Amino acid sequence: MMMALVLFLLLSFTVAASAFKPPLKRNQYPFQQHADTSTPDHIPPSLFASLERLSRLVDITYCVGTTGIVPPFSCVSRCDEFPTLELITTWNTGVLMSDSCGYIAVDHGTTSKPDIGNIVESKSQGVIVVAFRGTYSITNTVVDLSTIPQEYVPYPSPDQGGSEPPGGPKYTCRNCTVHMGFLMSWKIARTVILPALEPLRERYPDYPIHLVGHSLGGAVAALAALELKVTSGWDKMVVTTFGEPRVGNGGFVEYLNSVFELGGVGRPIEEQAYRRVTHVDDPVPSLPLSEWGYRSHAGELFISKSDLPPEPSDIRPCVGNTDPRCIAGSAGEPLKRTGQVFAEKQAQDAPVFTGGLWDIPSRFKLWQLFFAHRDYFWRLGLCVPGGDPIDWGRDKYPDYSNSDEL
């Protein structure tokens, strides 16, 4: 039954894309050429260690709504791997399309060290963690990616329990729309999250805040981060998402890139305040379809290896919103040919993917909702001891960490 649904949805997405996709002129290639040579071809080991740790933190969110998480920080999954965390609260808004689950915790660290001035703070300094869960239902995931866009206002209106910021806003979101289901999820979750964060901010004024989310949780984390940063003034913030879907249109993407200073070149990747981690076979980062007006934002870190486990050399920092070396390179056969042409122009110096991997665009690989969409350092999404059984018996990752990462 589920496989039949996936095949039906695959056909539906294909037909929709064909129906709404504007025709391309011959020799007109749908990608941006990035000539910047300062971008490294892989991430440093310390950032790899931070992302791997965050993937386990977001995996714990799948205990919310099932077996649960209890103070001080205990669950049947990976909680014992984080002895310095203190649970503040959890939330679970239900199982409908606007569902949102997650937890807030404080990582008190091991020692008290001063701020070293980096965006990604020291593990020992202390961090406020807000983790957003993805949806359990594969059906809901696909349905969530099929709803209509809604106008986006970057701060809550008075009838939503908020007020416009005094004076003119620093950032302006022009002609912005976002996914209706994602926005509704955040509107519901914010009634729990914002009241819980304010006393933590007063109690731990030097602690940065880290938002992390997987799948639907990544989209909600994006909306939460924008409100916390623009309206509430949380400046010391890092956002990390795994398999985040497209949240809004081009106007929204420009707004998010501006707020988090994404899309530029020459800035050390470790100082990037928003890390959107994608996987080579994951369809969700390419959904909802661009033919429906949705766009991807910058800040992408691309896992190019299909199988677990990846290594630092398998994760590439991407440039701009649609780097053809990354998830945007899965646009199908036309881009495969484009990559060949581009490689020829660069005398084979450009690292491009032209193998059979790209023959089926990632956005149409809906069966990978069960696999690649969950394969971010570990197979995410199952609250059992040791995580998903596919990870049982796997060795831990090498200790790539240093004192500069969460």
# chains A, B, ... in the order shown; residues from 1 in each chain; ligands from 1
call {"tool": "select_by_dssp", "arguments": {"residues": "stretch 152-290 of chain A", "states": "strand (DSSP E)", "output": "compact mmCIF listing (two decimals) with all heavy atoms, in the first residue's frame"}}
result
# COMPACT_ATOMS: atom_id res chain seq x y z
N THR A 177 6.23 34.74 0.53
CA THR A 177 5.25 33.71 0.86
C THR A 177 6.00 32.49 1.38
O THR A 177 7.15 32.25 1.02
CB THR A 177 4.39 33.30 -0.35
OG1 THR A 177 5.25 32.77 -1.38
CG2 THR A 177 3.60 34.47 -0.90
N VAL A 178 5.33 31.74 2.26
CA VAL A 178 5.92 30.52 2.80
C VAL A 178 4.87 29.41 2.75
O VAL A 178 3.68 29.65 2.55
CB VAL A 178 6.40 30.71 4.26
CG1 VAL A 178 7.52 31.74 4.31
CG2 VAL A 178 5.27 31.12 5.17
N HIS A 179 5.35 28.20 2.96
CA HIS A 179 4.49 27.03 2.99
C HIS A 179 3.49 27.14 4.14
O HIS A 179 3.88 27.38 5.29
CB HIS A 179 5.37 25.80 3.16
CG HIS A 179 4.68 24.49 3.12
ND1 HIS A 179 3.92 24.01 4.17
CD2 HIS A 179 4.65 23.53 2.17
CE1 HIS A 179 3.46 22.82 3.86
NE2 HIS A 179 3.88 22.51 2.65
N ILE A 209 22.28 30.46 21.49
CA ILE A 209 21.17 29.56 21.24
C ILE A 209 21.42 28.81 19.94
O ILE A 209 21.82 29.40 18.94
CB ILE A 209 19.82 30.32 21.20
CG1 ILE A 209 18.66 29.34 21.03
CG2 ILE A 209 19.82 31.38 20.11
CD1 ILE A 209 17.29 29.98 21.21
N HIS A 210 21.23 27.50 19.99
CA HIS A 210 21.40 26.65 18.82
C HIS A 210 20.05 26.03 18.48
O HIS A 210 19.45 25.35 19.32
CB HIS A 210 22.43 25.55 19.08
CG HIS A 210 23.84 26.04 19.10
ND1 HIS A 210 24.78 25.68 18.16
CD2 HIS A 210 24.48 26.88 19.94
CE1 HIS A 210 25.93 26.27 18.42
NE2 HIS A 210 25.77 27.00 19.51
N LEU A 211 19.58 26.26 17.26
CA LEU A 211 18.36 25.64 16.77
C LEU A 211 18.75 24.54 15.80
O LEU A 211 19.60 24.72 14.92
CB LEU A 211 17.47 26.66 16.05
CG LEU A 211 16.62 27.58 16.94
CD1 LEU A 211 17.48 28.55 17.72
CD2 LEU A 211 15.60 28.34 16.10
N VAL A 212 18.14 23.37 15.97
CA VAL A 212 18.45 22.23 15.12
C VAL A 212 17.15 21.52 14.76
O VAL A 212 16.25 21.40 15.59
CB VAL A 212 19.45 21.26 15.81
CG1 VAL A 212 18.90 20.75 17.14
CG2 VAL A 212 19.82 20.10 14.89
N GLY A 213 17.02 21.11 13.50
CA GLY A 213 15.80 20.44 13.08
C GLY A 213 16.06 19.47 11.94
O GLY A 213 17.00 19.64 11.16
N HIS A 214 15.21 18.45 11.85
CA HIS A 214 15.28 17.47 10.77
C HIS A 214 13.96 17.48 10.02
O HIS A 214 12.90 17.52 10.63
CB HIS A 214 15.56 16.07 11.32
CG HIS A 214 15.46 14.97 10.29
ND1 HIS A 214 14.56 13.93 10.40
CD2 HIS A 214 16.13 14.78 9.12
CE1 HIS A 214 14.69 13.13 9.36
NE2 HIS A 214 15.64 13.63 8.57
N MET A 237 23.42 33.19 17.66
CA MET A 237 22.55 32.09 17.24
C MET A 237 23.22 31.29 16.13
O MET A 237 23.88 31.85 15.25
CB MET A 237 21.21 32.63 16.75
CG MET A 237 20.29 31.58 16.14
SD MET A 237 18.81 32.31 15.40
CE MET A 237 18.04 33.05 16.82
N VAL A 238 23.05 29.97 16.18
CA VAL A 238 23.46 29.08 15.10
C VAL A 238 22.28 28.17 14.78
O VAL A 238 21.64 27.64 15.69
CB VAL A 238 24.69 28.24 15.48
CG1 VAL A 238 25.03 27.26 14.36
CG2 VAL A 238 25.89 29.13 15.77
N VAL A 239 21.98 28.03 13.50
CA VAL A 239 20.89 27.17 13.04
C VAL A 239 21.48 26.05 12.20
O VAL A 239 22.29 26.29 11.30
CB VAL A 239 19.86 27.95 12.20
CG1 VAL A 239 18.65 27.09 11.90
CG2 VAL A 239 19.45 29.23 12.90
N THR A 240 21.09 24.81 12.50
CA THR A 240 21.54 23.65 11.73
C THR A 240 20.33 22.80 11.40
O THR A 240 19.59 22.39 12.29
CB THR A 240 22.55 22.81 12.53
OG1 THR A 240 23.63 23.64 12.97
CG2 THR A 240 23.10 21.68 11.67
N THR A 241 20.12 22.55 10.11
CA THR A 241 19.00 21.71 9.69
C THR A 241 19.51 20.56 8.84
O THR A 241 20.51 20.68 8.13
CB THR A 241 17.95 22.52 8.90
OG1 THR A 241 18.53 22.98 7.67
CG2 THR A 241 17.45 23.70 9.71
N PHE A 242 18.80 19.45 8.92
CA PHE A 242 19.12 18.25 8.15
C PHE A 242 17.90 17.89 7.30
O PHE A 242 16.82 17.65 7.83
CB PHE A 242 19.47 17.09 9.08
CG PHE A 242 20.63 17.36 10.01
CD1 PHE A 242 20.41 17.86 11.29
CD2 PHE A 242 21.93 17.14 9.60
CE1 PHE A 242 21.46 18.11 12.15
CE2 PHE A 242 23.00 17.39 10.45
CZ PHE A 242 22.77 17.89 11.73
N TYR A 274 24.12 29.76 9.66
CA TYR A 274 23.02 28.87 9.25
C TYR A 274 23.63 27.78 8.39
O TYR A 274 24.22 28.05 7.35
CB TYR A 274 21.96 29.65 8.46
CG TYR A 274 20.61 28.96 8.39
CD1 TYR A 274 19.47 29.56 8.89
CD2 TYR A 274 20.47 27.69 7.80
CE1 TYR A 274 18.23 28.94 8.84
CE2 TYR A 274 19.23 27.06 7.74
CZ TYR A 274 18.12 27.70 8.25
OH TYR A 274 16.90 27.06 8.19
N ARG A 275 23.48 26.51 8.82
CA ARG A 275 24.03 25.37 8.09
C ARG A 275 22.86 24.49 7.64
O ARG A 275 22.19 23.87 8.47
CB ARG A 275 24.98 24.56 8.97
CG ARG A 275 26.24 25.28 9.41
CD ARG A 275 26.09 26.01 10.73
NE ARG A 275 25.90 25.11 11.85
CZ ARG A 275 26.88 24.69 12.66
NH1 ARG A 275 28.09 25.13 12.49
NH2 ARG A 275 26.62 23.88 13.67
N ARG A 276 22.59 24.46 6.35
CA ARG A 276 21.50 23.65 5.78
C ARG A 276 22.14 22.39 5.18
O ARG A 276 22.63 22.41 4.06
CB ARG A 276 20.73 24.45 4.74
CG ARG A 276 19.59 23.69 4.08
CD ARG A 276 18.75 24.62 3.20
NE ARG A 276 19.48 25.12 2.06
CZ ARG A 276 19.53 24.53 0.85
NH1 ARG A 276 18.89 23.39 0.65
NH2 ARG A 276 20.22 25.08 -0.14
N VAL A 277 22.10 21.29 5.93
CA VAL A 277 22.77 20.06 5.50
C VAL A 277 21.83 19.27 4.59
O VAL A 277 20.67 19.00 4.95
CB VAL A 277 23.20 19.21 6.71
CG1 VAL A 277 24.02 18.02 6.25
CG2 VAL A 277 23.99 20.06 7.71
N THR A 278 22.33 18.88 3.42
CA THR A 278 21.55 18.08 2.47
C THR A 278 22.30 16.80 2.14
O THR A 278 23.49 16.67 2.42
CB THR A 278 21.28 18.87 1.17
OG1 THR A 278 22.53 19.13 0.50
CG2 THR A 278 20.58 20.18 1.46
N HIS A 279 21.58 15.87 1.53
CA HIS A 279 22.14 14.55 1.20
C HIS A 279 21.89 14.27 -0.27
O HIS A 279 20.81 14.59 -0.80
CB HIS A 279 21.48 13.48 2.07
CG HIS A 279 22.06 12.11 1.93
ND1 HIS A 279 21.82 11.30 0.85
CD2 HIS A 279 22.89 11.40 2.74
CE1 HIS A 279 22.45 10.15 1.00
NE2 HIS A 279 23.12 10.19 2.14
call {"tool": "residues_around", "arguments": {"residues": "A:Gly251", "least_positions_apart": "6", "cutoff": "6 Å", "atoms": "only C-alpha atoms", "output": "PyMOL selection string"}}
result
chain A and resi 174-176
call {"tool": "write_last_selection", "arguments": {"atoms": "N, CA, C and O atoms", "output": "compact mmCIF listing (two decimals), in the first residue's frame"}}
result
# COMPACT_ATOMS: atom_id res chain seq x y z
N ARG A 174 10.08 41.42 1.32
CA ARG A 174 9.21 41.93 0.27
C ARG A 174 8.63 40.77 -0.55
O ARG A 174 9.36 39.91 -1.02
N ASN A 175 7.32 40.81 -0.73
CA ASN A 175 6.62 39.82 -1.55
C ASN A 175 6.96 38.39 -1.11
O ASN A 175 7.24 37.52 -1.93
N CYS A 176 6.93 38.17 0.19
CA CYS A 176 7.32 36.88 0.75
C CYS A 176 6.10 35.98 0.95
O CYS A 176 5.07 36.40 1.49
call {"tool": "residues_around", "arguments": {"residues": "A:Tyr376", "least_positions_apart": "3", "cutoff": "8 Å", "atoms": "only C-alpha atoms", "output": "number ranges by chain"}}
result
A: 55, 242, 279, 372-373, 379-380
call {"tool": "residues_around", "arguments": {"residues": "A:Leu194", "least_positions_apart": "3", "cutoff": "10 Å", "atoms": "only C-alpha atoms", "output": "PyMOL selection string"}}
result
chain A and resi 189-191+197-199+224+227-228+232
call {"tool": "write_last_selection", "arguments": {"atoms": "all heavy atoms", "output": "CSV table (one decimal), in the first residue's frame"}}
result
chain,number,residue,atom,x,y,z
A,189,ALA,N,3.8,26.1,17.7
A,189,ALA,CA,4.9,25.8,18.6
A,189,ALA,C,5.4,27.0,19.3
A,189,ALA,O,5.9,26.9,20.5
A,189,ALA,CB,6.0,25.1,17.8
A,190,ARG,N,5.3,28.2,18.7
A,190,ARG,CA,5.9,29.4,19.3
A,190,ARG,C,5.2,29.7,20.7
A,190,ARG,O,5.7,30.4,21.5
A,190,ARG,CB,5.8,30.6,18.4
A,190,ARG,CG,4.4,31.1,18.1
A,190,ARG,CD,4.4,32.2,17.0
A,190,ARG,NE,5.1,33.4,17.4
A,190,ARG,CZ,4.6,34.3,18.2
A,190,ARG,NH1,3.4,34.2,18.6
A,190,ARG,NH2,5.3,35.4,18.5
A,191,THR,N,3.9,29.3,20.8
A,191,THR,CA,3.2,29.5,22.1
A,191,THR,C,3.8,28.8,23.2
A,191,THR,O,3.6,29.2,24.4
A,191,THR,CB,1.7,29.1,21.9
A,191,THR,OG1,1.6,27.7,21.7
A,191,THR,CG2,1.0,29.9,20.8
A,197,LEU,N,11.8,30.3,26.5
A,197,LEU,CA,13.1,30.8,26.3
A,197,LEU,C,13.4,32.1,27.0
A,197,LEU,O,14.6,32.4,27.4
A,197,LEU,CB,13.3,31.1,24.8
A,197,LEU,CG,13.4,29.8,23.9
A,197,LEU,CD1,13.6,30.2,22.4
A,197,LEU,CD2,14.6,29.0,24.3
A,198,GLU,N,12.4,32.9,27.3
A,198,GLU,CA,12.7,34.2,27.9
A,198,GLU,C,13.4,34.1,29.3
A,198,GLU,O,14.4,34.8,29.5
A,198,GLU,CB,11.4,35.0,28.0
A,198,GLU,CG,11.0,35.7,26.7
A,198,GLU,CD,12.1,36.5,26.1
A,198,GLU,OE1,12.7,37.3,26.8
A,198,GLU,OE2,12.4,36.3,24.9
A,199,PRO,N,12.9,33.2,30.2
A,199,PRO,CA,13.6,33.1,31.5
A,199,PRO,C,15.0,32.5,31.3
A,199,PRO,O,15.9,32.8,32.1
A,199,PRO,CB,12.7,32.2,32.3
A,199,PRO,CG,11.8,31.5,31.3
A,199,PRO,CD,11.6,32.4,30.2
A,224,ALA,N,11.4,29.8,13.1
A,224,ALA,CA,11.7,30.1,14.5
A,224,ALA,C,12.9,31.0,14.6
A,224,ALA,O,12.9,32.0,15.3
A,224,ALA,CB,11.8,28.9,15.3
A,227,GLU,N,12.3,34.7,13.5
A,227,GLU,CA,11.5,35.5,14.5
A,227,GLU,C,12.4,35.8,15.8
A,227,GLU,O,12.5,36.9,16.3
A,227,GLU,CB,10.3,34.8,15.0
A,227,GLU,CG,9.5,35.6,16.0
A,227,GLU,CD,8.1,35.1,16.3
A,227,GLU,OE1,7.5,34.4,15.5
A,227,GLU,OE2,7.6,35.4,17.4
A,228,LEU,N,13.2,34.8,16.2
A,228,LEU,CA,14.0,35.0,17.4
A,228,LEU,C,15.1,36.0,17.1
A,228,LEU,O,15.5,36.8,17.9
A,228,LEU,CB,14.6,33.7,17.8
A,228,LEU,CG,13.7,32.6,18.5
A,228,LEU,CD1,14.4,31.3,18.6
A,228,LEU,CD2,13.2,33.2,19.8
A,232,SER,N,13.1,39.1,18.4
A,232,SER,CA,13.5,39.0,19.8
A,232,SER,C,15.0,39.4,20.1
A,232,SER,O,15.4,39.5,21.2
A,232,SER,CB,13.3,37.6,20.3
A,232,SER,OG,11.9,37.2,20.1
call {"tool": "atom_distance", "arguments": {"atom1": "atom CA of A:Arg394", "atom2": "atom CA of A:Thr66"}}
result
24.8 Å
call {"tool": "closest_residue", "arguments": {"among": "A:Gly248, A:Gly65, A:Pro312, A:Pro398", "to": "A:Leu47", "atoms": "only C-alpha atoms"}}
result
A:Pro312
call {"tool": "select_by_dssp", "arguments": {"residues": "stretch 268-338 of chain A", "states": "alpha helix (DSSP H)", "output": "list in words"}}
result
Glu333, Pro334, Leu335, Lys336, Arg337 and Thr338 of chain A
call {"tool": "write_last_selection", "arguments": {"atoms": "N, CA, C and O atoms", "output": "PDB file, in the first residue's frame"}}
result
ATOM      1  N   GLU A 333      18.476  15.103 -16.490  1.00  0.00           N
ATOM      2  CA  GLU A 333      19.298  14.909 -17.667  1.00  0.00           C
ATOM      3  C   GLU A 333      19.794  16.214 -18.289  1.00  0.00           C
ATOM      4  O   GLU A 333      20.955  16.287 -18.694  1.00  0.00           O
ATOM      5  N   PRO A 334      18.972  17.279 -18.409  1.00  0.00           N
ATOM      6  CA  PRO A 334      19.516  18.516 -18.969  1.00  0.00           C
ATOM      7  C   PRO A 334      20.718  19.036 -18.206  1.00  0.00           C
ATOM      8  O   PRO A 334      21.685  19.485 -18.793  1.00  0.00           O
ATOM      9  N   LEU A 335      20.683  18.961 -16.879  1.00  0.00           N
ATOM     10  CA  LEU A 335      21.810  19.443 -16.094  1.00  0.00           C
ATOM     11  C   LEU A 335      22.992  18.490 -16.190  1.00  0.00           C
ATOM     12  O   LEU A 335      24.144  18.896 -16.090  1.00  0.00           O
ATOM     13  N   LYS A 336      22.706  17.212 -16.408  1.00  0.00           N
ATOM     14  CA  LYS A 336      23.806  16.271 -16.626  1.00  0.00           C
ATOM     15  C   LYS A 336      24.615  16.705 -17.844  1.00  0.00           C
ATOM     16  O   LYS A 336      25.844  16.759 -17.805  1.00  0.00           O
ATOM     17  N   ARG A 337      23.924  17.047 -18.915  1.00  0.00           N
ATOM     18  CA  ARG A 337      24.612  17.512 -20.109  1.00  0.00           C
ATOM     19  C   ARG A 337      25.290  18.849 -19.837  1.00  0.00           C
ATOM     20  O   ARG A 337      26.404  19.102 -20.296  1.00  0.00           O
ATOM     21  N   THR A 338      24.638  19.715 -19.063  1.00  0.00           N
ATOM     22  CA  THR A 338      25.227  20.998 -18.702  1.00  0.00           C
ATOM     23  C   THR A 338      26.543  20.800 -17.966  1.00  0.00           C
ATOM     24  O   THR A 338      27.524  21.495 -18.217  1.00  0.00           O
TER      25      THR A 338
END
